[in-house]
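Trainee: Have a peek at protein.pdb (PDB, C-alpha atoms).
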```pdb
MODEL        1
ATOM      1  CA  MET X   1     -10.805  -8.485  18.507
ATOM      2  CA  THR X   2      -8.433  -6.540  20.739
ATOM      3  CA  HIS X   3      -5.338  -5.363  18.899
ATOM      4  CA  PRO X   4      -1.980  -4.560  20.513
ATOM      5  CA  GLN X   5      -0.810  -0.969  20.549
ATOM      6  CA  TYR X   6       1.280  -1.226  17.382
ATOM      7  CA  ARG X   7       0.510  -3.264  14.258
ATOM      8  CA  GLY X   8       2.352  -2.886  10.967
ATOM      9  CA  ARG X   9       2.277  -4.803   7.729
ATOM     10  CA  PHE X  10       4.012  -5.497   4.416
ATOM     11  CA  ALA X  11       1.588  -5.853   1.516
ATOM     12  CA  PRO X  12       3.179  -6.777  -1.829
ATOM     13  CA  SER X  13       1.292  -7.296  -5.083
ATOM     14  CA  PRO X  14       2.264 -10.684  -6.588
ATOM     15  CA  THR X  15       3.193  -9.443 -10.048
ATOM     16  CA  GLY X  16       6.622 -11.083  -9.879
ATOM     17  CA  PRO X  17       9.288 -12.312  -7.439
ATOM     18  CA  LEU X  18      10.529 -10.127  -4.601
ATOM     19  CA  HIS X  19      13.121  -7.570  -5.716
ATOM     20  CA  PHE X  20      15.452  -5.325  -3.758
ATOM     21  CA  GLY X  21      13.083  -2.348  -3.622
ATOM     22  CA  SER X  22      10.379  -4.488  -2.051
ATOM     23  CA  LEU X  23      12.868  -5.949   0.428
ATOM     24  CA  VAL X  24      13.770  -2.435   1.588
ATOM     25  CA  THR X  25      10.099  -1.654   2.251
ATOM     26  CA  ALA X  26       9.529  -5.008   3.959
ATOM     27  CA  LEU X  27      12.569  -4.516   6.189
ATOM     28  CA  ALA X  28      11.617  -0.952   7.154
ATOM     29  CA  SER X  29       8.098  -2.020   8.119
ATOM     30  CA  TYR X  30       9.444  -5.056  10.014
ATOM     31  CA  LEU X  31      11.978  -3.026  12.013
ATOM     32  CA  GLU X  32       9.421  -0.319  12.810
ATOM     33  CA  ALA X  33       7.124  -2.993  14.245
ATOM     34  CA  ARG X  34       9.815  -4.800  16.182
ATOM     35  CA  THR X  35      11.276  -1.653  17.742
ATOM     36  CA  HIS X  36       7.777  -0.647  18.886
ATOM     37  CA  ASN X  37       7.233  -4.098  20.465
ATOM     38  CA  GLY X  38       4.409  -4.516  17.992
ATOM     39  CA  GLN X  39       3.135  -7.091  15.555
ATOM     40  CA  TRP X  40       4.118  -7.369  11.902
ATOM     41  CA  LEU X  41       1.809  -8.874   9.296
ATOM     42  CA  ILE X  42       2.096  -9.938   5.660
ATOM     43  CA  ARG X  43      -0.767  -9.366   3.241
ATOM     44  CA  ILE X  44      -0.705 -10.500  -0.385
ATOM     45  CA  GLU X  45      -2.583  -7.954  -2.509
ATOM     46  CA  ASP X  46      -3.742 -10.405  -5.177
ATOM     47  CA  LEU X  47      -6.630  -8.346  -6.521
ATOM     48  CA  ASP X  48      -5.885  -8.551 -10.249
ATOM     49  CA  PRO X  49      -5.406 -12.114 -11.540
ATOM     50  CA  LEU X  50      -4.730 -10.783 -15.049
ATOM     51  CA  ARG X  51      -1.409  -9.299 -13.835
ATOM     52  CA  GLU X  52      -0.365 -12.020 -11.403
ATOM     53  CA  PRO X  53       1.749 -14.993 -12.535
ATOM     54  CA  PRO X  54       0.599 -18.066 -10.585
ATOM     55  CA  GLU X  55       4.086 -18.698  -9.198
ATOM     56  CA  ALA X  56       4.679 -15.154  -7.913
ATOM     57  CA  THR X  57       3.012 -15.478  -4.502
ATOM     58  CA  GLY X  58       5.043 -18.558  -3.606
ATOM     59  CA  GLN X  59       8.238 -16.855  -4.754
ATOM     60  CA  ILE X  60       7.552 -13.772  -2.623
ATOM     61  CA  LEU X  61       6.749 -15.755   0.515
ATOM     62  CA  ALA X  62       9.793 -18.004   0.023
ATOM     63  CA  SER X  63      12.047 -14.944  -0.305
ATOM     64  CA  LEU X  64      10.634 -13.330   2.834
ATOM     65  CA  GLU X  65      11.172 -16.581   4.731
ATOM     66  CA  ALA X  66      14.739 -16.899   3.421
ATOM     67  CA  HIS X  67      15.422 -13.395   4.747
ATOM     68  CA  GLY X  68      14.027 -14.234   8.196
ATOM     69  CA  LEU X  69      10.960 -12.006   7.789
ATOM     70  CA  PHE X  70       8.202 -14.048   9.412
ATOM     71  CA  PRO X  71       4.777 -12.552  10.203
ATOM     72  CA  ASP X  72       3.096 -12.762  13.597
ATOM     73  CA  GLN X  73      -0.153 -14.061  12.089
ATOM     74  CA  PRO X  74      -1.048 -16.225   9.085
ATOM     75  CA  VAL X  75      -0.563 -14.478   5.740
ATOM     76  CA  ARG X  76      -3.714 -12.736   4.497
ATOM     77  CA  PHE X  77      -4.725 -12.979   0.826
ATOM     78  CA  GLN X  78      -6.937 -10.249  -0.551
ATOM     79  CA  SER X  79      -8.417 -12.729  -3.030
ATOM     80  CA  LYS X  80     -10.134 -14.353  -0.041
ATOM     81  CA  GLN X  81     -11.558 -11.079   1.297
ATOM     82  CA  HIS X  82     -14.036 -10.229  -1.464
ATOM     83  CA  HIS X  83     -16.991 -10.481   0.916
ATOM     84  CA  ALA X  84     -15.514  -7.741   3.107
ATOM     85  CA  TYR X  85     -14.894  -5.440   0.150
ATOM     86  CA  GLN X  86     -18.406  -5.983  -1.200
ATOM     87  CA  SER X  87     -19.867  -5.220   2.223
ATOM     88  CA  ALA X  88     -17.873  -1.986   2.402
ATOM     89  CA  ILE X  89     -19.057  -0.946  -1.061
ATOM     90  CA  GLU X  90     -22.672  -1.565  -0.106
ATOM     91  CA  GLN X  91     -22.148   0.516   3.042
ATOM     92  CA  LEU X  92     -20.584   3.373   1.060
ATOM     93  CA  LEU X  93     -23.329   3.294  -1.584
ATOM     94  CA  ALA X  94     -26.044   3.318   1.071
ATOM     95  CA  SER X  95     -24.460   6.257   2.904
ATOM     96  CA  GLY X  96     -23.977   8.319  -0.251
ATOM     97  CA  HIS X  97     -20.192   8.054  -0.140
ATOM     98  CA  ALA X  98     -20.020   6.064  -3.391
ATOM     99  CA  TYR X  99     -21.875   5.907  -6.698
ATOM    100  CA  ARG X 100     -22.197   3.783  -9.834
ATOM    101  CA  CYS X 101     -20.474   5.234 -12.880
ATOM    102  CA  PRO X 102     -20.710   3.944 -16.481
ATOM    103  CA  CYS X 103     -18.514   6.745 -17.890
ATOM    104  CA  SER X 104     -15.602   5.754 -20.067
ATOM    105  CA  ARG X 105     -12.200   7.358 -19.693
ATOM    106  CA  LYS X 106     -12.729   9.026 -23.074
ATOM    107  CA  GLU X 107     -16.025  10.545 -21.936
ATOM    108  CA  LEU X 108     -14.484  11.924 -18.769
ATOM    109  CA  GLN X 109     -11.562  13.410 -20.692
ATOM    110  CA  ALA X 110     -13.982  15.070 -23.128
ATOM    111  CA  HIS X 111     -15.736  16.766 -20.191
ATOM    112  CA  GLN X 112     -12.574  17.832 -18.294
ATOM    113  CA  GLY X 113     -13.090  15.097 -15.700
ATOM    114  CA  ARG X 114     -16.740  15.856 -15.074
ATOM    115  CA  HIS X 115     -19.369  13.135 -15.384
ATOM    116  CA  PRO X 116     -21.624  13.887 -18.375
ATOM    117  CA  ASN X 117     -24.453  11.815 -16.896
ATOM    118  CA  ASP X 118     -24.203  13.438 -13.460
ATOM    119  CA  CYS X 119     -23.267  10.054 -11.969
ATOM    120  CA  ARG X 120     -22.591  11.369  -8.456
ATOM    121  CA  ARG X 121     -26.240  12.349  -8.071
ATOM    122  CA  GLY X 122     -27.776   9.313  -9.738
ATOM    123  CA  GLY X 123     -27.992  10.996 -13.137
ATOM    124  CA  ALA X 124     -29.822   9.067 -15.800
ATOM    125  CA  GLY X 125     -28.879   5.697 -14.303
ATOM    126  CA  VAL X 126     -26.479   3.181 -15.778
ATOM    127  CA  GLY X 127     -28.925   1.351 -18.044
ATOM    128  CA  ASP X 128     -27.355  -1.631 -19.765
ATOM    129  CA  ARG X 129     -23.845  -0.166 -19.775
ATOM    130  CA  PRO X 130     -21.119  -1.740 -17.651
ATOM    131  CA  TRP X 131     -20.425   0.386 -14.600
ATOM    132  CA  ALA X 132     -17.762   0.934 -12.011
ATOM    133  CA  VAL X 133     -18.251   2.156  -8.456
ATOM    134  CA  ARG X 134     -16.443   5.355  -7.489
ATOM    135  CA  PHE X 135     -15.865   6.845  -4.074
ATOM    136  CA  ALA X 136     -17.426  10.305  -3.735
ATOM    137  CA  LEU X 137     -14.675  12.554  -2.454
ATOM    138  CA  GLU X 138     -15.309  15.832  -0.695
ATOM    139  CA  ASP X 139     -13.361  18.953  -1.601
ATOM    140  CA  GLU X 140     -10.563  19.027   0.949
ATOM    141  CA  ASP X 141      -7.276  20.690   1.723
ATOM    142  CA  CYS X 142      -5.889  17.652   3.557
ATOM    143  CA  ARG X 143      -2.986  18.042   5.996
ATOM    144  CA  TRP X 144      -1.242  15.410   8.069
ATOM    145  CA  GLN X 145       2.141  14.627   9.605
ATOM    146  CA  ASP X 146       4.182  11.945   7.853
ATOM    147  CA  LEU X 147       6.464  10.161  10.330
ATOM    148  CA  LEU X 148       9.465  10.623   8.045
ATOM    149  CA  LEU X 149       8.622  13.387   5.580
ATOM    150  CA  GLY X 150       7.021  15.736   8.088
ATOM    151  CA  PRO X 151       4.025  18.004   7.368
ATOM    152  CA  GLN X 152       2.098  17.001   4.256
ATOM    153  CA  ARG X 153      -0.614  18.801   2.316
ATOM    154  CA  GLN X 154      -2.770  17.484  -0.520
ATOM    155  CA  THR X 155      -5.777  19.017  -2.216
ATOM    156  CA  VAL X 156      -8.507  16.693  -3.477
ATOM    157  CA  GLN X 157     -11.408  17.788  -5.635
ATOM    158  CA  ALA X 158     -14.850  16.233  -5.535
ATOM    159  CA  GLU X 159     -15.811  14.470  -8.778
ATOM    160  CA  LEU X 160     -12.546  15.267 -10.591
ATOM    161  CA  ASP X 161     -10.462  13.028  -8.304
ATOM    162  CA  ASP X 162     -13.073  10.413  -7.346
ATOM    163  CA  PRO X 163     -11.234   7.050  -7.322
ATOM    164  CA  VAL X 164     -12.670   3.810  -8.675
ATOM    165  CA  ILE X 165     -13.250   1.306  -5.867
ATOM    166  CA  LEU X 166     -14.887  -1.428  -7.990
ATOM    167  CA  ARG X 167     -13.761  -1.772 -11.579
ATOM    168  CA  LYS X 168     -16.130  -2.448 -14.478
ATOM    169  CA  GLU X 169     -14.555  -5.904 -14.879
ATOM    170  CA  GLY X 170     -15.716  -6.764 -11.359
ATOM    171  CA  PHE X 171     -12.296  -6.463  -9.675
ATOM    172  CA  PHE X 172     -12.048  -4.597  -6.390
ATOM    173  CA  ALA X 173      -9.640  -1.664  -6.531
ATOM    174  CA  TYR X 174      -6.572  -1.104  -4.368
ATOM    175  CA  GLN X 175      -7.900   2.165  -2.920
ATOM    176  CA  LEU X 176     -10.803   0.340  -1.267
ATOM    177  CA  ALA X 177      -9.205  -2.996  -0.404
ATOM    178  CA  VAL X 178      -6.158  -1.543   1.330
ATOM    179  CA  VAL X 179      -8.353   0.547   3.638
ATOM    180  CA  VAL X 180     -10.778  -2.274   4.430
ATOM    181  CA  ASP X 181      -7.936  -4.668   5.288
ATOM    182  CA  ASP X 182      -5.974  -2.146   7.314
ATOM    183  CA  ILE X 183      -9.127  -1.452   9.347
ATOM    184  CA  ASP X 184      -9.924  -5.141   9.817
ATOM    185  CA  GLN X 185      -6.363  -6.033  10.788
ATOM    186  CA  GLY X 186      -6.034  -3.104  13.187
ATOM    187  CA  ILE X 187      -3.056  -1.576  11.382
ATOM    188  CA  THR X 188      -1.804   1.421  13.337
ATOM    189  CA  GLU X 189       1.144   2.493  11.136
ATOM    190  CA  VAL X 190       1.604   2.095   7.386
ATOM    191  CA  VAL X 191       5.185   1.974   6.108
ATOM    192  CA  ARG X 192       5.271   2.129   2.321
ATOM    193  CA  GLY X 193       7.065   3.685  -0.633
ATOM    194  CA  SER X 194       6.712   7.380  -1.364
ATOM    195  CA  ASP X 195       5.290   6.482  -4.795
ATOM    196  CA  LEU X 196       2.014   5.868  -2.908
ATOM    197  CA  LEU X 197       2.107   9.210  -1.095
ATOM    198  CA  ASP X 198      -0.353  10.866  -3.494
ATOM    199  CA  MET X 199      -3.064   8.343  -2.580
ATOM    200  CA  THR X 200      -3.032   9.227   1.110
ATOM    201  CA  ALA X 201      -5.596  12.044   1.180
ATOM    202  CA  GLN X 202      -8.110   9.959  -0.756
ATOM    203  CA  GLN X 203      -7.572   6.977   1.525
ATOM    204  CA  GLN X 204      -8.052   9.104   4.623
ATOM    205  CA  GLN X 205     -11.494  10.102   3.363
ATOM    206  CA  ILE X 206     -12.394   6.442   2.793
ATOM    207  CA  TYR X 207     -11.352   5.621   6.367
ATOM    208  CA  ARG X 208     -13.576   8.371   7.698
ATOM    209  CA  ALA X 209     -16.503   7.340   5.488
ATOM    210  CA  LEU X 210     -16.219   3.848   7.006
ATOM    211  CA  GLY X 211     -16.256   5.380  10.487
ATOM    212  CA  ARG X 212     -12.584   4.776  11.339
ATOM    213  CA  THR X 213      -9.513   6.844  12.145
ATOM    214  CA  PRO X 214      -6.683   6.599   9.583
ATOM    215  CA  PRO X 215      -3.359   5.039  10.678
ATOM    216  CA  ARG X 216      -0.081   6.910  10.969
ATOM    217  CA  TRP X 217       1.874   7.087   7.712
ATOM    218  CA  LEU X 218       5.579   6.620   7.039
ATOM    219  CA  HIS X 219       6.570   6.986   3.383
ATOM    220  CA  ILE X 220      10.111   5.914   2.562
ATOM    221  CA  PRO X 221      11.970   6.851  -0.636
ATOM    222  CA  VAL X 222      11.655   4.305  -3.441
ATOM    223  CA  ILE X 223      14.729   2.489  -4.725
ATOM    224  CA  LEU X 224      15.746   3.495  -8.242
ATOM    225  CA  ASN X 225      17.663   1.657 -10.943
ATOM    226  CA  GLU X 226      20.599   3.133 -12.858
ATOM    227  CA  GLN X 227      18.171   4.839 -15.254
ATOM    228  CA  GLY X 228      16.464   6.644 -12.378
ATOM    229  CA  GLN X 229      13.351   4.464 -12.584
ATOM    230  CA  LYS X 230      11.619   2.838  -9.630
ATOM    231  CA  LEU X 231      12.617  -0.812  -9.235
ATOM    232  CA  SER X 232       9.598  -2.864 -10.332
ATOM    233  CA  LYS X 233       8.561  -5.676 -12.615
ATOM    234  CA  GLN X 234       7.832  -3.062 -15.306
ATOM    235  CA  THR X 235      11.448  -1.834 -15.148
ATOM    236  CA  HIS X 236      12.775  -5.422 -15.116
ATOM    237  CA  ALA X 237      14.044  -5.396 -11.549
ATOM    238  CA  PRO X 238      15.932  -8.648 -10.945
ATOM    239  CA  ALA X 239      14.658 -11.137  -8.387
ATOM    240  CA  LEU X 240      16.515 -11.361  -5.097
ATOM    241  CA  ASP X 241      19.099 -14.101  -4.745
ATOM    242  CA  ASP X 242      17.747 -15.847  -1.645
ATOM    243  CA  SER X 243      21.076 -17.617  -1.089
ATOM    244  CA  MET X 244      22.588 -14.227  -0.222
ATOM    245  CA  ALA X 245      20.000 -13.201   2.374
ATOM    246  CA  ALA X 246      22.398 -11.648   4.888
ATOM    247  CA  ARG X 247      24.131  -9.603   2.191
ATOM    248  CA  ASN X 248      20.778  -8.465   0.768
ATOM    249  CA  LEU X 249      19.606  -7.355   4.215
ATOM    250  CA  VAL X 250      22.822  -5.443   4.871
ATOM    251  CA  GLN X 251      22.413  -3.636   1.552
ATOM    252  CA  ALA X 252      18.774  -2.878   2.452
ATOM    253  CA  LEU X 253      19.885  -1.439   5.803
ATOM    254  CA  GLU X 254      22.432   0.707   3.983
ATOM    255  CA  ALA X 255      19.718   1.951   1.607
ATOM    256  CA  LEU X 256      17.751   2.926   4.709
ATOM    257  CA  GLY X 257      20.676   4.934   6.072
ATOM    258  CA  GLN X 258      21.373   2.573   8.992
ATOM    259  CA  GLN X 259      25.156   2.062   8.509
ATOM    260  CA  PRO X 260      25.483  -1.623   9.500
ATOM    261  CA  PRO X 261      28.997  -3.075   9.875
ATOM    262  CA  ALA X 262      30.113  -4.655   6.619
ATOM    263  CA  SER X 263      31.027  -7.874   8.452
ATOM    264  CA  LEU X 264      27.338  -8.611   8.975
ATOM    265  CA  ALA X 265      27.084  -9.581   5.298
ATOM    266  CA  ASP X 266      29.052 -12.750   6.096
ATOM    267  CA  THR X 267      26.747 -13.841   8.932
ATOM    268  CA  SER X 268      23.113 -14.973   8.836
ATOM    269  CA  ALA X 269      19.806 -13.269   8.127
ATOM    270  CA  ASP X 270      18.874 -13.632  11.804
ATOM    271  CA  SER X 271      22.082 -11.911  12.878
ATOM    272  CA  VAL X 272      21.447  -8.992  10.536
ATOM    273  CA  LEU X 273      17.869  -8.631  11.777
ATOM    274  CA  THR X 274      19.029  -8.752  15.399
ATOM    275  CA  TRP X 275      21.465  -5.912  14.669
ATOM    276  CA  GLY X 276      18.744  -4.024  12.814
ATOM    277  CA  CYS X 277      16.287  -4.281  15.699
ATOM    278  CA  ALA X 278      18.917  -3.069  18.178
ATOM    279  CA  ASN X 279      20.107  -0.160  16.041
ATOM    280  CA  TRP X 280      17.095   0.952  13.973
ATOM    281  CA  ARG X 281      16.794   4.727  13.669
ATOM    282  CA  ARG X 282      13.886   5.959  11.587
ATOM    283  CA  SER X 283      15.453   9.425  11.504
ATOM    284  CA  ALA X 284      18.492   8.063   9.609
ATOM    285  CA  ILE X 285      16.458   7.162   6.511
ATOM    286  CA  HIS X 286      17.569   9.216   3.532
ATOM    287  CA  LEU X 287      14.816  11.541   2.299
ATOM    288  CA  THR X 288      15.815  11.121  -1.343
ATOM    289  CA  SER X 289      15.621   8.011  -3.503
ATOM    290  CA  ARG X 290      18.763   5.983  -4.041
TER     291      ARG X 290
ENDMDL
END
```
Go ahead and express the file in the form of structure tokens.
Mentor:
Amino acid sequence: MTHPQYRGRFAPSPTGPLHFGSLVTALASYLEARTHNGQWLIRIEDLDPLREPPEATGQILASLEAHGLFPDQPVRFQSKQHHAYQSAIEQLLASGHAYRCPCSRKELQAHQGRHPNDCRRGGAGVGDRPWAVRFALEDEDCRWQDLLLGPQRQTVQAELDDPVILRKEGFFAYQLAVVVDDIDQGITEVVRGSDLLDMTAQQQQIYRALGRTPPRWLHIPVILNEQGQKLSKQTHAPALDDSMAARNLVQALEALGQQPPASLADTSADSVLTWGCANWRRSAIHLTSR
């Protein structure tokens, strides 16, 4: 498939209805795509059914629609992509970039993060114990240019930082699935919250192990509640009121430093998005959480 020059995406986990923090991320990724004459996609990261209320996906998609945020392709569901993740794991195992690991968290802690059974090199095998699959990181002093935060540097350590890519319960992990989908969908720029910044160096190694070039990264500050906590289901972030879409979007633009006219709050979602597309300035985004 031939992809256009720019492709962005919004990829929420359906652990609850859309809240204001997620709207800010969705809007930033949408406006980045639109102002680059690119495509904008929605991906539902429904990898963990134990944490996902059955109604959450419908609530999220209804909220995005109410706020005028429509994708350029059908919504992708990670729960329908298991074959692609399994294929990637088999490729990584065969190339030596991944390994089976039966170690428990307690065992790893007792050995300062090292694998007592030498899992990375095959060790004594997994036997009858349940096992996860881990990605085999290389020692690296990773540097890259974030589109908002500027020069970034992260150090990753082989073995100590190796992320799980297939959990013992049989669930595929975020670190693998997000890379496989971004590759398959031709994503060229990832706009996401700065709470995911620390995962970037690991993900770049997974891209390279799969023979692909990582996308550009734009990490925006997360939205905090009055207690200084990130807005999330765990911190009881309230669901968006979809009947106030224009007002919500204006507040999201303000959180992104865009200074929209207050009168826009009394118009429509489409009017706010039109203003946002015409006036979007990435450089105006505040570098600190609000």
Trainee: Write out as a ChimeraX atom specification which residues come within 12 Å of Cys101 of chain X when counting all atoms listed in the file, dropping same-chain ones fewer than 6 positions away.
Mentor: /X:93,107-108,114-136,159,162-168
Trainee: Residues as selected, C-alpha atoms, written as a CSV table (one decimal), in the coordinates of the input, can you do that?
Mentor:
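Saved file part-v5.csv follows:
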```csv
chain,number,residue,atom,x,y,z
X,93,LEU,CA,-23.3,3.3,-1.6
X,107,GLU,CA,-16.0,10.5,-21.9
X,108,LEU,CA,-14.5,11.9,-18.8
X,114,ARG,CA,-16.7,15.9,-15.1
X,115,HIS,CA,-19.4,13.1,-15.4
X,116,PRO,CA,-21.6,13.9,-18.4
X,117,ASN,CA,-24.5,11.8,-16.9
X,118,ASP,CA,-24.2,13.4,-13.5
X,119,CYS,CA,-23.3,10.1,-12.0
X,120,ARG,CA,-22.6,11.4,-8.5
X,121,ARG,CA,-26.2,12.3,-8.1
X,122,GLY,CA,-27.8,9.3,-9.7
X,123,GLY,CA,-28.0,11.0,-13.1
X,124,ALA,CA,-29.8,9.1,-15.8
X,125,GLY,CA,-28.9,5.7,-14.3
X,126,VAL,CA,-26.5,3.2,-15.8
X,127,GLY,CA,-28.9,1.4,-18.0
X,128,ASP,CA,-27.4,-1.6,-19.8
X,129,ARG,CA,-23.8,-0.2,-19.8
X,130,PRO,CA,-21.1,-1.7,-17.7
X,131,TRP,CA,-20.4,0.4,-14.6
X,132,ALA,CA,-17.8,0.9,-12.0
X,133,VAL,CA,-18.3,2.2,-8.5
X,134,ARG,CA,-16.4,5.4,-7.5
X,135,PHE,CA,-15.9,6.8,-4.1
X,136,ALA,CA,-17.4,10.3,-3.7
X,159,GLU,CA,-15.8,14.5,-8.8
X,162,ASP,CA,-13.1,10.4,-7.3
X,163,PRO,CA,-11.2,7.0,-7.3
X,164,VAL,CA,-12.7,3.8,-8.7
X,165,ILE,CA,-13.2,1.3,-5.9
X,166,LEU,CA,-14.9,-1.4,-8.0
X,167,ARG,CA,-13.8,-1.8,-11.6
X,168,LYS,CA,-16.1,-2.4,-14.5
```
Trainee: Applying 6 Å and all atoms listed in the file, which residues near segment 25-30 of chain X remain after dropping the ones on its own chain fewer than 2 positions away? List them as a PDB file with C-alpha atoms, keeping the file's coordinate frame.
Mentor:
```
ATOM      1  CA  PHE X  10       4.012  -5.497   4.416  1.00  0.00           C
ATOM      2  CA  SER X  22      10.379  -4.488  -2.051  1.00  0.00           C
ATOM      3  CA  LEU X  23      12.868  -5.949   0.428  1.00  0.00           C
ATOM      4  CA  GLU X  32       9.421  -0.319  12.810  1.00  0.00           C
ATOM      5  CA  ALA X  33       7.124  -2.993  14.245  1.00  0.00           C
ATOM      6  CA  VAL X 191       5.185   1.974   6.108  1.00  0.00           C
TER       7      VAL X 191
END
```
Trainee: What is the atom CA of Pro54 of chain X to atom CA of Gln185 of chain X distance in Å?
Mentor: 25.5 Å
Trainee: With all atoms listed in the file as the atoms that count, which of X:Leu18, X:Val180, X:Ala278, X:Gly38 lies nearest to Ala66 of chain X?
Mentor: X:Leu18
Trainee: Could you state the separation of atom CA of Thr15 of chain X and atom CA of Ala239 of chain X in Å, given to one decimal place?
Mentor: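 Here the two named atoms are 11.7 Å from each other.
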Trainee: Using only C-alpha atoms, which residue out of X:Gln78, X:Thr188, X:Gln109, X:Gln251 lies closest to Arg9 of chain X?
Mentor: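 Smallest distance to Arg9 of chain X is found for X:Thr188.
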Trainee: With 6 Å as the threshold, what does the neighbourhood of (-12.5, 12.2, 0.7) contain in terms of residues, counting all atoms listed in the file? Coordinates are those of the file; answer as a PyMOL selection string.
Mentor: chain X and resi 137-138+202+205
Trainee: If the PyMOL selection byres ((chain X and resi 68) around 10) were run on this exact file, what residues would it hold? Put them as number ranges by chain.
Mentor: X: 62-67, 69-71, 245-246, 249, 268-273
Trainee: Just how far from atom CA of Leu176 of chain X is atom CA of Ser194 of chain X, in Å to one decimal?
Mentor: 18.9 Å
Trainee: With the file shown as input, list the residues that the PyMOL selection byres ((chain X and resi 187) around 10) selects, as a PyMOL selection string.
Mentor: chain X and resi 3-9+39-41+179+181-186+188-190+214-216
Trainee: Which residues, written as a VMD selection string, have at least one atom at most 12 Å from Glu90 of chain X, with only C-alpha atoms counted and residues fewer than 4 positions away on the same chain left out?
Mentor: chain X and resid 83 to 86 94 to 100 133 to 135 165 to 166 210
Trainee: Smallest atom-to-atom distance to Phe172 of chain X: which of X:Thr267, X:Asn279, X:Gln81, X:Gln59, using all atoms listed in the file?
Mentor: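 That would be X:Gln81, the residue with the smallest distance to Phe172 of chain X.
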Trainee: Write out as a list in words the residues lying within 9 Å of segment 252-258 of chain X, counting only C-alpha atoms and excluding same-chain residues fewer than 5 positions away.
Mentor: Phe20, Gly21, Leu23, Val24, Thr25, Leu27, Ala28, Ile220, Pro221, Ile223, Arg247, Gly276, Asn279, Trp280, Arg281, Arg282, Ser283, Ala284, Ile285, His286, Ser289 and Arg290 of chain X
Trainee: Given the file shown, enumerate the residues that the PyMOL selection byres ((chain X and resi 147) around 6) captures and present them as a PyMOL selection string.
Mentor: chain X and resi 146+148+218
Trainee: Find the residue from X:Asp242, X:Asp161, X:Asp141, X:Glu45 that sits nearest to Ala177 of chain X; use only C-alpha atoms when measuring.
Mentor: X:Glu45
Trainee: Would you list the residues near (-0.6, -14.8, 7.0) (no more than 9 Å away, in the coordinates of the file, using all atoms listed in the file) as a PyMOL selection string?
Mentor: chain X and resi 41-44+71-77
Trainee: Got time to write the residues from that selection, C-alpha atoms, as a tab-separated table (two decimals), in the frame of the given file?
Mentor:
```
chain	number	residue	atom	x	y	z
X	41	LEU	CA	1.81	-8.87	9.30
X	42	ILE	CA	2.10	-9.94	5.66
X	43	ARG	CA	-0.77	-9.37	3.24
X	44	ILE	CA	-0.70	-10.50	-0.38
X	71	PRO	CA	4.78	-12.55	10.20
X	72	ASP	CA	3.10	-12.76	13.60
X	73	GLN	CA	-0.15	-14.06	12.09
X	74	PRO	CA	-1.05	-16.23	9.09
X	75	VAL	CA	-0.56	-14.48	5.74
X	76	ARG	CA	-3.71	-12.74	4.50
X	77	PHE	CA	-4.72	-12.98	0.83
```
Trainee: With only C-alpha atoms as the atoms that count, which of X:Arg143, X:Leu92, X:Asn37, X:Pro238 lies nearest to Tyr207 of chain X?
Mentor: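 Looking at the shortest contact to Tyr207 of chain X, the residue is X:Leu92.
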